[in-house]
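Structure file run_22.cif (mmCIF, N, CA and C atoms) is printed below.
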```cif
data_structure
#
loop_
_atom_site.label_atom_id
_atom_site.label_comp_id
_atom_site.auth_asym_id
_atom_site.auth_seq_id
_atom_site.Cartn_x
_atom_site.Cartn_y
_atom_site.Cartn_z
N GLN A 248 0.84 -1.18 0.00
CA GLN A 248 0.00 0.00 0.00
C GLN A 248 0.88 1.24 0.00
N GLY A 249 0.51 2.24 -0.81
CA GLY A 249 1.30 3.45 -0.95
C GLY A 249 1.28 4.33 0.28
N ARG A 250 2.26 5.16 0.39
CA ARG A 250 2.39 6.10 1.50
C ARG A 250 1.99 7.48 1.02
N ARG A 251 1.18 8.18 1.79
CA ARG A 251 0.77 9.54 1.44
C ARG A 251 1.70 10.53 2.11
N MET A 252 2.24 11.42 1.30
CA MET A 252 3.13 12.46 1.80
C MET A 252 2.64 13.80 1.27
N PHE A 253 2.91 14.87 2.01
CA PHE A 253 2.48 16.20 1.64
C PHE A 253 3.68 17.13 1.66
N TRP A 254 3.74 18.03 0.69
CA TRP A 254 4.80 19.02 0.63
C TRP A 254 4.43 20.21 1.51
N ASN A 255 5.35 20.60 2.38
CA ASN A 255 5.14 21.77 3.22
C ASN A 255 6.01 22.89 2.67
N PRO A 256 5.40 23.90 2.04
CA PRO A 256 6.20 24.97 1.45
C PRO A 256 6.92 25.85 2.47
N GLU A 257 6.45 25.84 3.71
CA GLU A 257 7.11 26.65 4.74
C GLU A 257 8.42 26.02 5.21
N THR A 258 8.41 24.71 5.41
CA THR A 258 9.62 24.03 5.85
C THR A 258 10.44 23.48 4.69
N MET A 259 9.82 23.48 3.49
CA MET A 259 10.43 22.92 2.28
C MET A 259 10.82 21.46 2.47
N ARG A 260 9.90 20.71 3.09
CA ARG A 260 10.11 19.29 3.35
C ARG A 260 8.81 18.53 3.14
N MET A 261 8.94 17.23 2.91
CA MET A 261 7.78 16.36 2.84
C MET A 261 7.39 15.98 4.27
N GLN A 262 6.09 15.76 4.49
CA GLN A 262 5.62 15.35 5.81
C GLN A 262 4.38 14.49 5.67
N ASN A 263 4.00 13.81 6.75
CA ASN A 263 2.86 12.89 6.72
C ASN A 263 1.51 13.58 6.85
N GLN A 264 1.46 14.77 7.47
CA GLN A 264 0.20 15.48 7.69
C GLN A 264 0.05 16.61 6.67
N VAL A 265 -1.20 16.96 6.38
CA VAL A 265 -1.47 18.11 5.52
C VAL A 265 -1.00 19.37 6.25
N PRO A 266 -0.14 20.19 5.63
CA PRO A 266 0.31 21.41 6.30
C PRO A 266 -0.86 22.36 6.54
N GLU A 267 -0.86 23.02 7.69
CA GLU A 267 -1.93 23.95 8.03
C GLU A 267 -2.07 25.06 6.99
N SER A 268 -0.96 25.48 6.41
CA SER A 268 -1.00 26.57 5.43
C SER A 268 -1.70 26.17 4.15
N LEU A 269 -1.90 24.87 3.94
CA LEU A 269 -2.53 24.41 2.70
C LEU A 269 -4.00 24.05 2.86
N THR A 270 -4.50 24.08 4.07
CA THR A 270 -5.92 23.78 4.24
C THR A 270 -6.72 25.01 3.85
N LEU A 271 -7.75 24.80 3.06
CA LEU A 271 -8.57 25.90 2.56
C LEU A 271 -9.93 25.89 3.21
N ALA A 272 -10.46 27.06 3.46
CA ALA A 272 -11.80 27.17 4.02
C ALA A 272 -12.85 26.77 3.00
N GLU A 273 -12.59 27.08 1.74
CA GLU A 273 -13.51 26.68 0.67
C GLU A 273 -12.69 26.28 -0.55
N ALA A 274 -13.28 25.47 -1.39
CA ALA A 274 -12.58 24.95 -2.56
C ALA A 274 -12.31 26.06 -3.57
N PRO A 275 -11.15 26.00 -4.25
CA PRO A 275 -10.87 26.99 -5.30
C PRO A 275 -11.77 26.75 -6.51
N GLU A 276 -11.89 27.74 -7.35
CA GLU A 276 -12.68 27.61 -8.57
C GLU A 276 -12.08 26.54 -9.47
N PRO A 277 -12.91 25.73 -10.12
CA PRO A 277 -12.36 24.71 -11.02
C PRO A 277 -11.73 25.35 -12.25
N VAL A 278 -10.81 24.64 -12.85
CA VAL A 278 -10.13 25.10 -14.05
C VAL A 278 -10.75 24.39 -15.24
N GLU A 279 -11.12 25.16 -16.25
CA GLU A 279 -11.66 24.57 -17.47
C GLU A 279 -10.52 24.04 -18.34
N PRO A 280 -10.73 22.92 -19.01
CA PRO A 280 -9.69 22.42 -19.91
C PRO A 280 -9.46 23.37 -21.07
N PRO A 281 -8.29 23.39 -21.64
CA PRO A 281 -7.15 22.58 -21.25
C PRO A 281 -6.39 23.18 -20.07
N VAL A 282 -5.91 22.34 -19.19
CA VAL A 282 -5.09 22.80 -18.08
C VAL A 282 -3.65 22.91 -18.55
N LYS A 283 -2.91 23.82 -17.94
CA LYS A 283 -1.49 23.99 -18.29
C LYS A 283 -0.67 22.97 -17.52
N LEU A 284 0.09 22.17 -18.27
CA LEU A 284 0.88 21.09 -17.68
C LEU A 284 2.34 21.26 -18.06
N LEU A 285 3.22 21.17 -17.08
CA LEU A 285 4.66 21.22 -17.30
C LEU A 285 5.23 19.85 -16.95
N ASP A 286 5.85 19.21 -17.94
CA ASP A 286 6.41 17.86 -17.77
C ASP A 286 7.93 17.98 -17.75
N ILE A 287 8.52 17.83 -16.58
CA ILE A 287 9.96 18.00 -16.40
C ILE A 287 10.64 16.64 -16.52
N GLY A 288 11.58 16.54 -17.44
CA GLY A 288 12.28 15.28 -17.67
C GLY A 288 11.56 14.39 -18.66
N SER A 289 10.80 14.99 -19.55
CA SER A 289 10.05 14.24 -20.54
C SER A 289 10.72 14.36 -21.90
N SER A 290 11.34 13.31 -22.37
CA SER A 290 12.03 13.38 -23.65
C SER A 290 11.09 13.32 -24.84
N ILE A 291 9.82 12.91 -24.61
CA ILE A 291 8.90 12.74 -25.75
C ILE A 291 7.62 13.55 -25.65
N ASN A 292 7.37 14.27 -24.58
CA ASN A 292 6.15 15.06 -24.38
C ASN A 292 4.91 14.18 -24.54
N ARG A 293 4.80 13.20 -23.68
CA ARG A 293 3.72 12.20 -23.78
C ARG A 293 2.31 12.76 -23.63
N PHE A 294 2.16 13.97 -23.09
CA PHE A 294 0.83 14.53 -22.89
C PHE A 294 0.32 15.34 -24.08
N LYS A 295 1.14 15.55 -25.09
CA LYS A 295 0.73 16.38 -26.23
C LYS A 295 -0.41 15.77 -27.05
N ASP A 296 -0.66 14.50 -26.90
CA ASP A 296 -1.70 13.83 -27.68
C ASP A 296 -3.11 14.12 -27.20
N TRP A 297 -3.26 14.87 -26.12
CA TRP A 297 -4.58 15.21 -25.59
C TRP A 297 -4.73 16.72 -25.45
N PRO A 298 -4.69 17.45 -26.58
CA PRO A 298 -4.70 18.92 -26.49
C PRO A 298 -5.99 19.51 -25.94
N PHE A 299 -7.10 18.77 -26.01
CA PHE A 299 -8.33 19.30 -25.42
C PHE A 299 -8.22 19.35 -23.90
N TYR A 300 -7.53 18.37 -23.32
CA TYR A 300 -7.44 18.27 -21.87
C TYR A 300 -6.27 19.04 -21.27
N VAL A 301 -5.13 18.98 -21.93
CA VAL A 301 -3.93 19.63 -21.39
C VAL A 301 -3.19 20.41 -22.46
N GLU A 302 -2.63 21.53 -22.04
CA GLU A 302 -1.69 22.29 -22.86
C GLU A 302 -0.32 21.96 -22.28
N ALA A 303 0.36 21.00 -22.91
CA ALA A 303 1.57 20.44 -22.35
C ALA A 303 2.83 21.11 -22.89
N LYS A 304 3.74 21.42 -21.97
CA LYS A 304 5.08 21.89 -22.29
C LYS A 304 6.04 20.92 -21.60
N ALA A 305 7.10 20.53 -22.31
CA ALA A 305 8.02 19.53 -21.77
C ALA A 305 9.46 20.01 -21.84
N LEU A 306 10.25 19.59 -20.83
CA LEU A 306 11.67 19.89 -20.74
C LEU A 306 12.44 18.60 -20.54
N ASP A 307 13.62 18.52 -21.12
CA ASP A 307 14.48 17.36 -20.89
C ASP A 307 15.92 17.71 -21.21
N LEU A 308 16.85 17.02 -20.56
CA LEU A 308 18.27 17.23 -20.86
C LEU A 308 18.61 16.78 -22.28
N GLN A 309 18.03 15.65 -22.69
CA GLN A 309 18.28 15.08 -24.02
C GLN A 309 16.96 14.74 -24.69
N PRO A 310 16.24 15.74 -25.21
CA PRO A 310 14.93 15.46 -25.79
C PRO A 310 15.02 14.61 -27.06
N VAL A 311 13.99 13.81 -27.26
CA VAL A 311 13.88 12.99 -28.46
C VAL A 311 12.92 13.64 -29.44
N ALA A 312 11.85 14.23 -28.94
CA ALA A 312 10.84 14.86 -29.77
C ALA A 312 11.19 16.33 -30.01
N GLU A 313 10.78 16.85 -31.17
CA GLU A 313 11.07 18.24 -31.53
C GLU A 313 10.38 19.25 -30.63
N ASP A 314 9.21 18.89 -30.10
CA ASP A 314 8.46 19.85 -29.30
C ASP A 314 8.87 19.85 -27.82
N VAL A 315 9.92 19.14 -27.48
CA VAL A 315 10.45 19.14 -26.11
C VAL A 315 11.63 20.11 -26.06
N HIS A 316 11.60 21.02 -25.10
CA HIS A 316 12.68 22.00 -24.95
C HIS A 316 13.87 21.36 -24.26
N GLN A 317 15.05 21.57 -24.83
CA GLN A 317 16.26 21.05 -24.20
C GLN A 317 16.70 22.03 -23.12
N ALA A 318 16.75 21.54 -21.89
CA ALA A 318 17.14 22.39 -20.77
C ALA A 318 17.39 21.55 -19.54
N ASP A 319 18.25 22.06 -18.68
CA ASP A 319 18.45 21.51 -17.35
C ASP A 319 17.57 22.34 -16.42
N PHE A 320 16.59 21.71 -15.82
CA PHE A 320 15.64 22.42 -14.97
C PHE A 320 16.35 23.21 -13.87
N PHE A 321 17.47 22.69 -13.37
CA PHE A 321 18.22 23.38 -12.32
C PHE A 321 18.84 24.69 -12.83
N ASP A 322 19.13 24.76 -14.14
CA ASP A 322 19.75 25.96 -14.71
C ASP A 322 18.74 27.04 -15.07
N LEU A 323 17.47 26.69 -15.11
CA LEU A 323 16.44 27.65 -15.48
C LEU A 323 16.01 28.47 -14.27
N GLU A 324 15.80 29.75 -14.49
CA GLU A 324 15.30 30.61 -13.42
C GLU A 324 13.78 30.48 -13.34
N ILE A 325 13.26 30.66 -12.15
CA ILE A 325 11.81 30.79 -11.97
C ILE A 325 11.55 32.29 -12.00
N VAL A 326 10.81 32.74 -13.03
CA VAL A 326 10.62 34.17 -13.24
C VAL A 326 9.19 34.59 -12.95
N GLU A 327 9.04 35.79 -12.44
CA GLU A 327 7.71 36.36 -12.19
C GLU A 327 7.23 37.01 -13.48
N ALA A 328 6.12 36.53 -14.02
CA ALA A 328 5.53 37.12 -15.24
C ALA A 328 4.03 36.91 -15.18
N PRO A 329 3.34 37.63 -14.28
CA PRO A 329 1.89 37.45 -14.14
C PRO A 329 1.17 37.65 -15.48
N GLY A 330 0.24 36.75 -15.75
CA GLY A 330 -0.54 36.84 -16.98
C GLY A 330 0.14 36.23 -18.20
N ALA A 331 1.29 35.61 -18.03
CA ALA A 331 1.99 34.99 -19.17
C ALA A 331 1.13 33.88 -19.76
N GLU A 332 1.15 33.77 -21.07
CA GLU A 332 0.37 32.74 -21.76
C GLU A 332 0.97 31.35 -21.61
N SER A 333 2.29 31.28 -21.57
CA SER A 333 2.98 30.00 -21.50
C SER A 333 3.72 29.86 -20.18
N PRO A 334 3.85 28.63 -19.68
CA PRO A 334 4.65 28.45 -18.46
C PRO A 334 6.15 28.59 -18.71
N LEU A 335 6.55 28.63 -19.98
CA LEU A 335 7.96 28.75 -20.31
C LEU A 335 8.29 30.18 -20.72
N TYR A 336 9.38 30.69 -20.20
CA TYR A 336 9.83 32.04 -20.51
C TYR A 336 10.90 31.94 -21.58
N VAL A 337 10.55 32.36 -22.80
CA VAL A 337 11.45 32.29 -23.94
C VAL A 337 11.81 33.71 -24.35
N LYS A 338 13.13 33.95 -24.49
CA LYS A 338 13.61 35.28 -24.88
C LYS A 338 14.55 35.11 -26.06
N ASP A 339 14.26 35.82 -27.14
CA ASP A 339 15.06 35.74 -28.37
C ASP A 339 15.21 34.30 -28.86
N GLY A 340 14.13 33.52 -28.75
CA GLY A 340 14.13 32.14 -29.22
C GLY A 340 14.82 31.15 -28.31
N LYS A 341 15.31 31.60 -27.16
CA LYS A 341 16.01 30.72 -26.23
C LYS A 341 15.22 30.60 -24.93
N LEU A 342 15.10 29.37 -24.45
CA LEU A 342 14.42 29.14 -23.18
C LEU A 342 15.27 29.68 -22.04
N GLU A 343 14.71 30.67 -21.33
CA GLU A 343 15.45 31.34 -20.26
C GLU A 343 14.98 30.94 -18.87
N GLY A 344 13.71 30.52 -18.77
CA GLY A 344 13.20 30.19 -17.45
C GLY A 344 11.80 29.62 -17.49
N VAL A 345 11.27 29.39 -16.31
CA VAL A 345 9.91 28.89 -16.15
C VAL A 345 9.15 29.95 -15.36
N VAL A 346 7.95 30.25 -15.79
CA VAL A 346 7.15 31.30 -15.15
C VAL A 346 6.58 30.77 -13.84
N ALA A 347 6.80 31.50 -12.77
CA ALA A 347 6.29 31.13 -11.44
C ALA A 347 4.76 31.11 -11.47
N LYS A 348 4.20 30.14 -10.77
CA LYS A 348 2.75 30.01 -10.59
C LYS A 348 1.98 29.98 -11.91
N SER A 349 2.55 29.31 -12.92
CA SER A 349 1.95 29.32 -14.26
C SER A 349 1.33 28.00 -14.68
N SER A 350 1.52 26.94 -13.92
CA SER A 350 1.04 25.62 -14.33
C SER A 350 -0.01 25.08 -13.37
N ASP A 351 -0.99 24.41 -13.95
CA ASP A 351 -1.99 23.73 -13.13
C ASP A 351 -1.46 22.39 -12.65
N VAL A 352 -0.59 21.78 -13.46
CA VAL A 352 -0.03 20.46 -13.16
C VAL A 352 1.46 20.48 -13.52
N VAL A 353 2.29 19.92 -12.63
CA VAL A 353 3.70 19.69 -12.92
C VAL A 353 3.95 18.20 -12.69
N VAL A 354 4.63 17.59 -13.66
CA VAL A 354 4.91 16.16 -13.60
C VAL A 354 6.42 15.95 -13.51
N LEU A 355 6.84 15.18 -12.51
CA LEU A 355 8.22 14.70 -12.37
C LEU A 355 8.15 13.18 -12.45
N SER A 356 8.29 12.64 -13.63
CA SER A 356 8.16 11.20 -13.80
C SER A 356 9.52 10.57 -14.06
N LEU A 357 9.96 9.74 -13.13
CA LEU A 357 11.23 9.02 -13.24
C LEU A 357 12.40 9.98 -13.46
N VAL A 358 12.36 11.10 -12.72
CA VAL A 358 13.41 12.11 -12.81
C VAL A 358 14.25 12.13 -11.55
N LEU A 359 13.60 12.08 -10.40
CA LEU A 359 14.32 12.22 -9.13
C LEU A 359 15.36 11.13 -8.93
N SER A 360 15.11 9.95 -9.41
CA SER A 360 16.05 8.84 -9.21
C SER A 360 17.37 9.06 -9.94
N PHE A 361 17.41 9.98 -10.90
CA PHE A 361 18.64 10.28 -11.62
C PHE A 361 19.49 11.35 -10.93
N LEU A 362 18.95 11.95 -9.88
CA LEU A 362 19.70 12.98 -9.16
C LEU A 362 20.60 12.33 -8.13
N PRO A 363 21.81 12.88 -7.93
CA PRO A 363 22.82 12.20 -7.11
C PRO A 363 22.59 12.21 -5.61
N THR A 364 21.83 13.19 -5.09
CA THR A 364 21.69 13.29 -3.63
C THR A 364 20.24 13.58 -3.24
N PRO A 365 19.86 13.24 -2.02
CA PRO A 365 18.53 13.61 -1.53
C PRO A 365 18.32 15.12 -1.53
N GLU A 366 19.36 15.88 -1.27
CA GLU A 366 19.24 17.34 -1.25
C GLU A 366 18.86 17.87 -2.64
N LYS A 367 19.43 17.29 -3.70
CA LYS A 367 19.07 17.72 -5.06
C LYS A 367 17.63 17.33 -5.38
N ARG A 368 17.17 16.20 -4.86
CA ARG A 368 15.77 15.80 -5.07
C ARG A 368 14.83 16.78 -4.38
N ILE A 369 15.16 17.16 -3.16
CA ILE A 369 14.35 18.14 -2.43
C ILE A 369 14.35 19.48 -3.18
N GLU A 370 15.50 19.87 -3.67
CA GLU A 370 15.60 21.13 -4.42
C GLU A 370 14.73 21.10 -5.67
N MET A 371 14.73 19.96 -6.38
CA MET A 371 13.91 19.86 -7.59
C MET A 371 12.42 19.93 -7.26
N VAL A 372 12.00 19.22 -6.22
CA VAL A 372 10.59 19.25 -5.82
C VAL A 372 10.20 20.68 -5.41
N ALA A 373 11.04 21.35 -4.66
CA ALA A 373 10.74 22.71 -4.22
C ALA A 373 10.65 23.66 -5.41
N LYS A 374 11.54 23.51 -6.37
CA LYS A 374 11.53 24.37 -7.56
C LYS A 374 10.31 24.07 -8.41
N ALA A 375 9.96 22.80 -8.56
CA ALA A 375 8.76 22.42 -9.33
C ALA A 375 7.52 22.99 -8.67
N ARG A 376 7.47 22.99 -7.35
CA ARG A 376 6.32 23.52 -6.62
C ARG A 376 6.13 25.00 -6.89
N GLN A 377 7.21 25.74 -7.11
CA GLN A 377 7.12 27.17 -7.41
C GLN A 377 6.43 27.43 -8.75
N CYS A 378 6.40 26.44 -9.63
CA CYS A 378 5.77 26.58 -10.95
C CYS A 378 4.26 26.41 -10.89
N LEU A 379 3.75 25.87 -9.79
CA LEU A 379 2.32 25.59 -9.66
C LEU A 379 1.52 26.80 -9.21
N ARG A 380 0.29 26.86 -9.71
CA ARG A 380 -0.63 27.91 -9.25
C ARG A 380 -0.92 27.67 -7.77
N ASP A 381 -1.13 28.74 -7.03
CA ASP A 381 -1.41 28.62 -5.60
C ASP A 381 -2.70 27.85 -5.34
N HIS A 382 -2.66 26.95 -4.39
CA HIS A 382 -3.80 26.24 -3.81
C HIS A 382 -4.59 25.36 -4.78
N ARG A 383 -4.16 25.22 -6.01
CA ARG A 383 -4.90 24.33 -6.88
C ARG A 383 -4.00 23.57 -7.84
N GLY A 384 -2.72 23.75 -7.73
CA GLY A 384 -1.80 23.03 -8.59
C GLY A 384 -1.57 21.62 -8.09
N LEU A 385 -1.34 20.71 -9.02
CA LEU A 385 -1.07 19.32 -8.69
C LEU A 385 0.36 18.97 -9.09
N LEU A 386 1.13 18.47 -8.16
CA LEU A 386 2.48 18.01 -8.43
C LEU A 386 2.46 16.49 -8.41
N PHE A 387 2.73 15.88 -9.55
CA PHE A 387 2.77 14.43 -9.66
C PHE A 387 4.22 13.98 -9.67
N VAL A 388 4.59 13.16 -8.70
CA VAL A 388 5.93 12.58 -8.62
C VAL A 388 5.76 11.08 -8.81
N VAL A 389 6.37 10.58 -9.86
CA VAL A 389 6.30 9.14 -10.17
C VAL A 389 7.73 8.62 -10.07
N GLU A 390 7.98 7.75 -9.11
CA GLU A 390 9.33 7.23 -8.89
C GLU A 390 9.26 5.86 -8.25
N GLY A 391 10.38 5.16 -8.35
CA GLY A 391 10.54 3.93 -7.59
C GLY A 391 10.77 4.30 -6.13
N GLY A 392 10.55 3.41 -5.22
CA GLY A 392 10.65 3.67 -3.79
C GLY A 392 12.01 4.16 -3.34
N SER A 393 13.08 3.80 -4.05
CA SER A 393 14.42 4.16 -3.59
C SER A 393 14.74 5.64 -3.82
N ALA A 394 13.98 6.33 -4.67
CA ALA A 394 14.28 7.72 -4.97
C ALA A 394 13.60 8.70 -4.02
N ILE A 395 12.63 8.25 -3.27
CA ILE A 395 11.85 9.18 -2.46
C ILE A 395 12.38 9.25 -1.05
#
```
File written out as structure tokens:
Amino acid sequence: QGRRMFWNPETMRMQNQVPESLTLAEAPEPVEPPVKLLDIGSSINRFKDWPFYVEAKALDLQPVAEDVHQADFFDLEIVEAPGAESPLYVKDGKLEGVVAKSSDVVVLSLVLSFLPTPEKRIEMVAKARQCLRDHRGLLFVVEGGSAI
């Protein structure tokens, strides 16, 4: 049976209980499709086949598909750009950063296990969390048990 863990943005750590800062008095407004999805470590942009449901942007160190941006997520800045159309900040045709609070969903699938230390894994999760919209973003982490 799986273990439920919650990200606490105040302590920047995973914990077993829902952080008090994340409990809401009322539910946020639902998001109409397509939702903005950022797939970090996706060499093929597997979500692009469902454009009605998701507007997918993908990053990878060694992309295979043309529509995947080549970038090291750690090298990209998280930039403030309220109202930006895309979660990716592109300047002069070059990917410069990821827009803070711009994605409804961020996916880290089989990425954390490739990082050398637990500290780098925590850093990646914290940075990915900065890309999510407040109080309604979903962070999906898919990994084998040894990476978490």
Margin query: At a cut-off of 6 Å, using only N, CA and C atoms, what residues contact segment 296-308 of chain A? Leave out same-chain residues fewer than 2 positions from it and give the result as a PyMOL selection string.
Written below: chain A and resi 280-290+292-294+310+314-319
Next item on the list: Go through A:Pro329, A:Pro266, A:Pro256, A:Gly391 one by one, measure the shortest atom-to-atom distance of each to Ser360 of chain A using only C-alpha atoms, and give the residue with the smallest value.
Entry: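 Smallest distance to Ser360 of chain A is found for A:Gly391.
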Notebook entry, point to check: Running DSSP on the backbone, which parts of segment 250-392 of chain A land in strand (DSSP E or B), as a PyMOL selection string?
Noted result: chain A and resi 253-255+260-262+282-287+301-307+315-317+324-326+335-338+341-346+350+352-356+379+385-389
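Among the candidate residues A:Ala347, A:Ile291, A:Glu370, A:Ala328, the one lying nearest to Met259 of chain A is A:Glu370, with distances computed using only N, CA and C atoms.
For the atom pair formed by atom C of Glu390 of chain A and atom N of Leu362 of chain A, the distance is 11.6 Å, given to one decimal.
The coordinates place atom CA of Met261 of chain A at 9.4 Å from atom C of Ile369 of chain A.
Across the structure, atom C of Gly344 of chain A and atom C of Ala331 of chain A are spaced 11.7 Å apart.
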Next item on the list: For each of A:Val352, A:Leu386, A:Ala373, A:Leu359, take the minimum atom-to-atom distance to Arg260 of chain A, counting all atoms listed in the file, then give the residue where this is smallest.
Entry: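 Result for the nearest residue to Arg260 of chain A: A:Ala373.
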Note to self: Once the PyMOL selection byres ((chain A and resi 263) around 7) has been evaluated on this model, what residues remain selected, and can you format them as number ranges by chain?
What the structure shows: A: 251-253, 261-262, 264-266
Checklist line | Residue list (helix (DSSP H, G or I), DSSP) for segment 250-395 of chain A, as a list in words | finding: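 Residues meeting the helix (DSSP H, G or I) criterion: Glu267, Ser268, Leu269, Arg293, Phe294, Lys295, Asp296, Phe320, Phe321, Asp322, Leu359, Ser360, Phe361, Pro365, Glu366, Lys367, Arg368, Ile369, Glu370, Met371, Val372, Ala373, Lys374, Ala375, Arg376, Gln377, Gly392, Ser393 and Ala394 of chain A.
Evaluating the PyMOL selection byres ((chain A and resi 374-376) around 8) against the shown model yields Ile325, Ala347, Lys348, Val353, Val354, Arg368, Ile369, Glu370, Met371, Val372, Ala373, Gln377, Cys378, Leu379, Arg380, Leu385 and Leu386 of chain A.
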